[in-house]
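See below for the structure under consideration.
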Amino acid sequence: MDPHYPPEAERFRKEVKAFLDDHLPAGWQGIGALDPDAARRFTADWRNTLYQEGLLAPSWPKEYGGAGLSPLEQVVAAEEFYRAGVPTGGPNDDFSIQMVGNTILHWGTEEQKRYFLPRALSGEHVWCQGYSEPNAGSDLANLATRAELDGDEWVINGQKIWTSMAHVANWIFVLARTDPEATKHKGITFFLVPMDQPGVEVRPIKMMTGWSEFNETFFTDARTPKDHVVGAVNAGWSVAMTLLGYERGEAAATFPIMFRTELDRLLDLARSTGAAGDPLIRQRLAWCYSKVEIMRFLGMRTLTKFLAGGEPGPAESSFKLYWSEYHKVVTELAVDILGAAAMAPSGRVATAFRADDVGAPNDSASWATTFLMSRAGTIYAGSSQVQRNIVAEMVLGLPKEPAVASQKGSWRQAQAG
């Protein structure tokens, strides 16, 4: 791992900063300083600016709508965008570009790349994710949604849950079982499915934060063309894991910056409330500081791997596990610092899934809603329990966790004996 950027990266950083200076309004403080309606308008306009400049997917080849930048330049751009408090895309672009776009770039046919990638960038196609099911959340390989080939189309039946932003999407990437006789991780296929059809129904889920970004999605004889399979039929598990690797790996560039910025806000809160005078609070703040610094080096390790030509893999699970468990602790500390104010929070509620947006006011409502959402961080994108198993089995080479069926068999044998 090299913790230093080469000179060419710093030269490009100056170009990114000049771009931001040229395109951001005077007195810009970050998107968190805007009210929700203004933030939505800004995000839509800013996304269009990035699209016109080829910066929605900076490292994609130019023939697919990207800027053709190196992976290192993409990292530098992501860092500076976050520091400036501007989004790198629209609300669904984590799914449209970072996840399914990169996965199509990795696994897709040339026809799929030329059709789907430019449309993801233009916004004609808005994507969401069809992975989790009521009985297959953390145990994703236990999914029950089925797909059967009918002539030149696949027919899909089943249910997905926690489909973030599905209510505004018009395409969904779906894992479905295409060989019910195969073992769990086999017989699964990765599909690209249009949502604008009678066989797809989306039902919003109300959360305790008051939001409804999560949804249930039902497929009843929904159809997608035969060639809308990414990778091989019955070999979708490898494709799915590549996608999760992109989801977890690209976070290495911005999450350490995000959480350090959030910790600086918390330090300001501790000073303003007088909590910084409590030695136990200071000790907990110091612990958080050490964890954010470790996160920075974990992120650099991942980035060094990618910049050397490595691909996302199971090792990226350690980073996801690390930040989600850390965020639960630091937001608990924020609530303790607020004290009684956390029970009746006031001000602007947090609008981001993880740390609140750059520029957000440092008030009780921001921290209280961030605290609530941090609990979900140990579940979505793979629960902490699953991440620990992946790291243990696939990175450290430890023995696999005993299957439930074998445990039951052992119990029965013991009873019979």
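Chain lettering (A, B, ...) mirrors the order of the structure tokens, residue numbering begins at 1 for each chain separately, and ligand numbering begins at 1 in order of display.
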task: Can you check which residues of range 80-324 of chain A DSSP gives as helix (DSSP H, G or I) on the backbone and send them as a ChimeraX atom specification?
output: /A:80-84,93-107,110-122,140-142,166-168,236-249,251-273,275-277,279-307,314-324
Could you turn the residues from that selection into a file that holds C-alpha atoms, as a compact mmCIF listing (two decimals), in the first residue's frame?
```txt
# COMPACT_ATOMS: atom_id res chain seq x y z
CA GLU A 80 -12.73 16.64 -4.41
CA PHE A 81 -16.43 16.36 -5.19
CA TYR A 82 -17.09 15.15 -1.68
CA ARG A 83 -14.94 17.83 -0.07
CA ALA A 84 -16.89 20.44 -2.04
CA ASP A 93 -26.84 6.64 -9.99
CA ASP A 94 -25.30 4.40 -7.33
CA PHE A 95 -27.40 1.67 -8.95
CA SER A 96 -27.34 2.92 -12.56
CA ILE A 97 -23.63 3.68 -12.84
CA GLN A 98 -21.57 2.41 -9.92
CA MET A 99 -23.31 -0.96 -9.66
CA VAL A 100 -25.03 -2.22 -12.81
CA GLY A 101 -23.13 0.06 -15.19
CA ASN A 102 -19.72 -1.13 -13.98
CA THR A 103 -20.98 -4.71 -13.95
CA ILE A 104 -22.15 -4.50 -17.57
CA LEU A 105 -18.79 -2.95 -18.45
CA HIS A 106 -17.12 -5.96 -16.78
CA TRP A 107 -19.39 -8.83 -17.87
CA GLU A 110 -20.57 -5.40 -26.68
CA GLU A 111 -24.21 -4.97 -27.69
CA GLN A 112 -25.24 -4.64 -24.04
CA LYS A 113 -22.51 -2.07 -23.38
CA ARG A 114 -23.44 0.08 -26.36
CA TYR A 115 -27.16 -0.06 -25.55
CA PHE A 116 -27.34 0.19 -21.75
CA LEU A 117 -24.32 2.27 -20.71
CA PRO A 118 -25.09 5.50 -22.64
CA ARG A 119 -28.73 5.34 -21.53
CA ALA A 120 -27.72 4.99 -17.87
CA LEU A 121 -25.64 8.15 -18.23
CA SER A 122 -28.27 10.16 -20.11
CA LEU A 140 -28.99 -14.01 -0.76
CA ALA A 141 -28.34 -17.40 -2.35
CA ASN A 142 -31.60 -18.62 -0.81
CA ALA A 166 -37.64 1.57 -7.04
CA HIS A 167 -40.55 4.02 -7.07
CA VAL A 168 -38.61 6.33 -9.41
CA GLY A 236 -25.26 -15.16 -12.15
CA TRP A 237 -23.73 -15.57 -8.70
CA SER A 238 -20.29 -14.51 -9.96
CA VAL A 239 -21.86 -11.52 -11.70
CA ALA A 240 -23.73 -10.59 -8.54
CA MET A 241 -20.55 -10.74 -6.46
CA THR A 242 -18.74 -8.51 -8.96
CA LEU A 243 -21.49 -5.95 -8.56
CA LEU A 244 -21.25 -6.05 -4.76
CA GLY A 245 -17.49 -5.64 -5.06
CA TYR A 246 -17.97 -2.44 -7.05
CA GLU A 247 -20.53 -1.24 -4.50
CA ARG A 248 -18.14 -1.79 -1.59
CA GLY A 249 -14.84 -1.08 -3.30
CA ALA A 251 -16.56 3.55 -1.25
CA ALA A 252 -12.88 3.34 -0.29
CA ALA A 253 -12.21 6.67 -2.02
CA THR A 254 -14.82 8.86 -0.35
CA PHE A 255 -15.97 7.20 2.87
CA PRO A 256 -12.84 8.07 4.90
CA ILE A 257 -13.30 11.72 3.87
CA MET A 258 -17.01 11.55 4.63
CA PHE A 259 -16.58 10.16 8.11
CA ARG A 260 -13.69 12.47 8.97
CA THR A 261 -15.85 15.46 8.00
CA GLU A 262 -18.67 14.07 10.13
CA LEU A 263 -16.32 13.58 13.09
CA ASP A 264 -15.16 17.20 12.80
CA ARG A 265 -18.82 18.24 13.06
CA LEU A 266 -19.19 16.07 16.15
CA LEU A 267 -16.14 17.68 17.74
CA ASP A 268 -17.73 21.09 17.15
CA LEU A 269 -20.95 19.82 18.73
CA ALA A 270 -19.07 18.56 21.79
CA ARG A 271 -17.37 21.94 22.22
CA SER A 272 -20.59 23.94 21.78
CA THR A 273 -22.52 21.83 24.31
CA ALA A 275 -19.45 17.91 26.53
CA ALA A 276 -15.81 18.22 25.46
CA GLY A 277 -14.97 18.90 29.11
CA PRO A 279 -13.01 13.07 30.14
CA LEU A 280 -15.11 10.04 29.17
CA ILE A 281 -16.55 11.90 26.17
CA ARG A 282 -13.04 12.96 25.16
CA GLN A 283 -11.89 9.37 25.39
CA ARG A 284 -14.75 8.22 23.13
CA LEU A 285 -14.01 11.01 20.65
CA ALA A 286 -10.35 9.96 20.56
CA TRP A 287 -11.45 6.38 19.87
CA CYS A 288 -13.54 7.62 16.92
CA TYR A 289 -10.59 9.61 15.60
CA SER A 290 -8.36 6.54 15.67
CA LYS A 291 -10.99 4.49 13.84
CA VAL A 292 -11.39 7.09 11.09
CA GLU A 293 -7.63 7.15 10.58
CA ILE A 294 -7.59 3.35 10.33
CA MET A 295 -10.46 3.61 7.83
CA ARG A 296 -8.36 5.97 5.73
CA PHE A 297 -5.56 3.42 5.49
CA LEU A 298 -8.01 0.59 4.76
CA GLY A 299 -9.38 2.70 1.94
CA MET A 300 -5.90 3.37 0.59
CA ARG A 301 -5.16 -0.35 0.63
CA THR A 302 -8.25 -1.01 -1.49
CA LEU A 303 -7.44 1.85 -3.86
CA THR A 304 -3.84 0.66 -4.26
CA LYS A 305 -5.19 -2.73 -5.30
CA PHE A 306 -7.58 -1.22 -7.86
CA LEU A 307 -4.97 1.13 -9.28
CA PRO A 314 -14.26 -10.60 -1.08
CA ALA A 315 -11.58 -8.52 0.68
CA GLU A 316 -13.75 -5.43 0.14
CA SER A 317 -16.19 -6.88 2.66
CA SER A 318 -13.79 -5.89 5.46
CA PHE A 319 -14.17 -2.22 4.52
CA LYS A 320 -17.96 -2.42 4.48
CA LEU A 321 -17.98 -4.17 7.84
CA TYR A 322 -15.59 -1.61 9.29
CA TRP A 323 -17.41 1.59 8.33
CA SER A 324 -20.93 0.36 9.13
```
message: Give me, as JSON, numbers by chain, all polymer residues having an atom no more than 12 Å from Ala341 in chain A, counting only C-alpha atoms and skipping those fewer than 6 positions away in the same chain.
response: {"A": [273, 334, 335, 347, 363, 364, 365, 366, 367, 368]}
Using C-alpha atoms, can you write the selected residues to a file as a compact mmCIF listing (two decimals), in the first residue's frame?
```txt
# COMPACT_ATOMS: atom_id res chain seq x y z
CA THR A 273 -22.52 21.83 24.31
CA ALA A 334 -23.56 12.02 19.16
CA VAL A 335 -26.86 11.18 20.85
CA GLY A 347 -33.90 21.55 12.90
CA ASP A 363 -28.30 20.51 15.00
CA SER A 364 -30.06 17.79 16.94
CA ALA A 365 -32.38 16.67 14.11
CA SER A 366 -29.44 16.02 11.80
CA TRP A 367 -27.69 13.82 14.35
CA ALA A 368 -30.83 12.06 15.57
```
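The spacing separating CA of Val16 in chain A from CA of Leu72 in chain A amounts to 12.8 Å.
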- request: Name all residues at most 12 Å from range 50-55 of chain A (count only C-alpha atoms; drop same-chain ones fewer than 5 positions away) and give them as a ChimeraX atom specification.
  value: /A:16,19-20,23-24,43-45,60-69,73-74,77-78,81,86-90,93,97,118-123
Output the selection as a compact mmCIF listing (two decimals), in the first residue's frame - C-alpha atoms for each residue.
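Done, and the output landed in part06.txt:
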```txt
# COMPACT_ATOMS: atom_id res chain seq x y z
CA VAL A 16 -10.90 19.25 -10.66
CA PHE A 19 -13.81 22.84 -12.63
CA LEU A 20 -15.67 23.14 -9.33
CA HIS A 23 -19.36 25.63 -12.14
CA LEU A 24 -20.47 26.13 -8.53
CA THR A 43 -28.81 17.81 -7.94
CA ALA A 44 -30.79 17.56 -11.18
CA ASP A 45 -28.96 20.52 -12.72
CA TRP A 60 -15.62 4.63 -18.54
CA PRO A 61 -14.33 4.60 -22.12
CA LYS A 62 -15.42 7.56 -24.21
CA GLU A 63 -17.30 5.35 -26.66
CA TYR A 64 -19.77 4.51 -23.88
CA GLY A 65 -20.16 8.09 -22.64
CA GLY A 66 -17.38 8.28 -20.07
CA ALA A 67 -14.38 10.60 -19.91
CA GLY A 68 -11.74 7.89 -20.35
CA LEU A 69 -9.93 8.96 -17.18
CA GLU A 73 -8.05 10.34 -11.73
CA GLN A 74 -11.52 9.02 -10.90
CA ALA A 77 -12.32 13.58 -8.70
CA ALA A 78 -14.50 11.68 -6.19
CA PHE A 81 -16.43 16.36 -5.19
CA VAL A 86 -21.50 18.19 -4.41
CA PRO A 87 -23.04 14.91 -5.57
CA THR A 88 -21.34 12.68 -8.12
CA GLY A 89 -24.70 11.93 -9.74
CA GLY A 90 -28.42 11.64 -9.15
CA ASP A 93 -26.84 6.64 -9.99
CA ILE A 97 -23.63 3.68 -12.84
CA PRO A 118 -25.09 5.50 -22.64
CA ARG A 119 -28.73 5.34 -21.53
CA ALA A 120 -27.72 4.99 -17.87
CA LEU A 121 -25.64 8.15 -18.23
CA SER A 122 -28.27 10.16 -20.11
CA GLY A 123 -30.90 9.28 -17.49
```
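When CA of Glu325 in chain A is paired with CA of Ala350 in chain A, their separation reads 19.1 Å.
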message: Using Å and a single decimal, report how far CA of Lys160 in chain A sits from CA of Phe218 in chain A.
response: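 Pair CA of Phe218 in chain A / CA of Lys160 in chain A returns 6.4 Å.
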message: Write out as a VMD selection string the set of residues from range 95-281 of chain A that DSSP, computed on the backbone, places in strand (DSSP E or B).
response: chain A and resid 127 to 130 133 136 146 to 150 153 to 161 171 to 177 188 to 194 200 to 205 214 to 225 229 to 230 235
Expected file contents, prior selection, C-alpha atoms, as a short mmCIF file (atom, residue, chain, number, x, y, z; two decimals), in the first residue's frame:
```
data_model
loop_
_atom_site.label_atom_id
_atom_site.label_comp_id
_atom_site.auth_asym_id
_atom_site.auth_seq_id
_atom_site.Cartn_x
_atom_site.Cartn_y
_atom_site.Cartn_z
CA TRP A 127 -32.00 1.66 -12.26
CA CYS A 128 -32.72 -0.03 -8.95
CA GLN A 129 -31.55 -3.30 -7.40
CA GLY A 130 -33.53 -6.55 -7.18
CA GLU A 133 -36.22 -11.15 -0.75
CA ALA A 136 -33.32 -14.20 1.26
CA ARG A 146 -37.96 -17.77 -10.61
CA ALA A 147 -37.31 -17.11 -14.29
CA GLU A 148 -38.30 -19.46 -17.11
CA LEU A 149 -37.49 -19.11 -20.79
CA ASP A 150 -40.56 -18.75 -23.01
CA GLU A 153 -38.31 -13.95 -23.48
CA TRP A 154 -37.71 -14.79 -19.86
CA VAL A 155 -40.80 -14.86 -17.63
CA ILE A 156 -40.13 -13.79 -14.03
CA ASN A 157 -42.25 -14.48 -10.94
CA GLY A 158 -41.44 -13.63 -7.33
CA GLN A 159 -40.88 -10.82 -4.86
CA LYS A 160 -38.01 -8.52 -3.93
CA ILE A 161 -37.81 -6.30 -0.87
CA TRP A 171 -35.24 -0.61 -14.95
CA ILE A 172 -34.19 -3.15 -12.34
CA PHE A 173 -31.35 -5.68 -12.28
CA VAL A 174 -32.71 -8.92 -10.86
CA LEU A 175 -31.24 -12.12 -9.50
CA ALA A 176 -33.58 -15.02 -10.23
CA ARG A 177 -33.34 -18.79 -10.02
CA ILE A 188 -29.00 -18.24 -10.49
CA THR A 189 -29.04 -15.77 -13.38
CA PHE A 190 -28.51 -11.98 -13.54
CA PHE A 191 -31.26 -10.22 -15.53
CA LEU A 192 -31.88 -6.68 -16.80
CA VAL A 193 -35.63 -6.10 -16.56
CA PRO A 194 -37.80 -3.15 -17.68
CA VAL A 200 -44.08 -5.34 -12.16
CA GLU A 201 -45.68 -3.73 -9.07
CA VAL A 202 -43.83 -1.44 -6.62
CA ARG A 203 -45.14 -0.81 -3.08
CA PRO A 204 -43.37 1.78 -0.86
CA ILE A 205 -42.30 0.87 2.70
CA PHE A 214 -37.42 1.41 0.34
CA ASN A 215 -40.00 -0.62 -1.55
CA GLU A 216 -41.39 -4.08 -2.13
CA THR A 217 -41.32 -5.16 -5.78
CA PHE A 218 -43.56 -7.94 -7.11
CA PHE A 219 -43.09 -9.80 -10.39
CA THR A 220 -46.12 -11.56 -11.89
CA ASP A 221 -45.26 -13.01 -15.29
CA ALA A 222 -42.96 -10.05 -15.91
CA ARG A 223 -40.94 -10.37 -19.09
CA THR A 224 -37.53 -9.42 -20.38
CA PRO A 225 -35.83 -10.31 -23.69
CA VAL A 229 -28.88 -11.74 -19.29
CA VAL A 230 -25.51 -10.46 -18.01
CA ALA A 235 -23.84 -18.37 -13.60
#
```
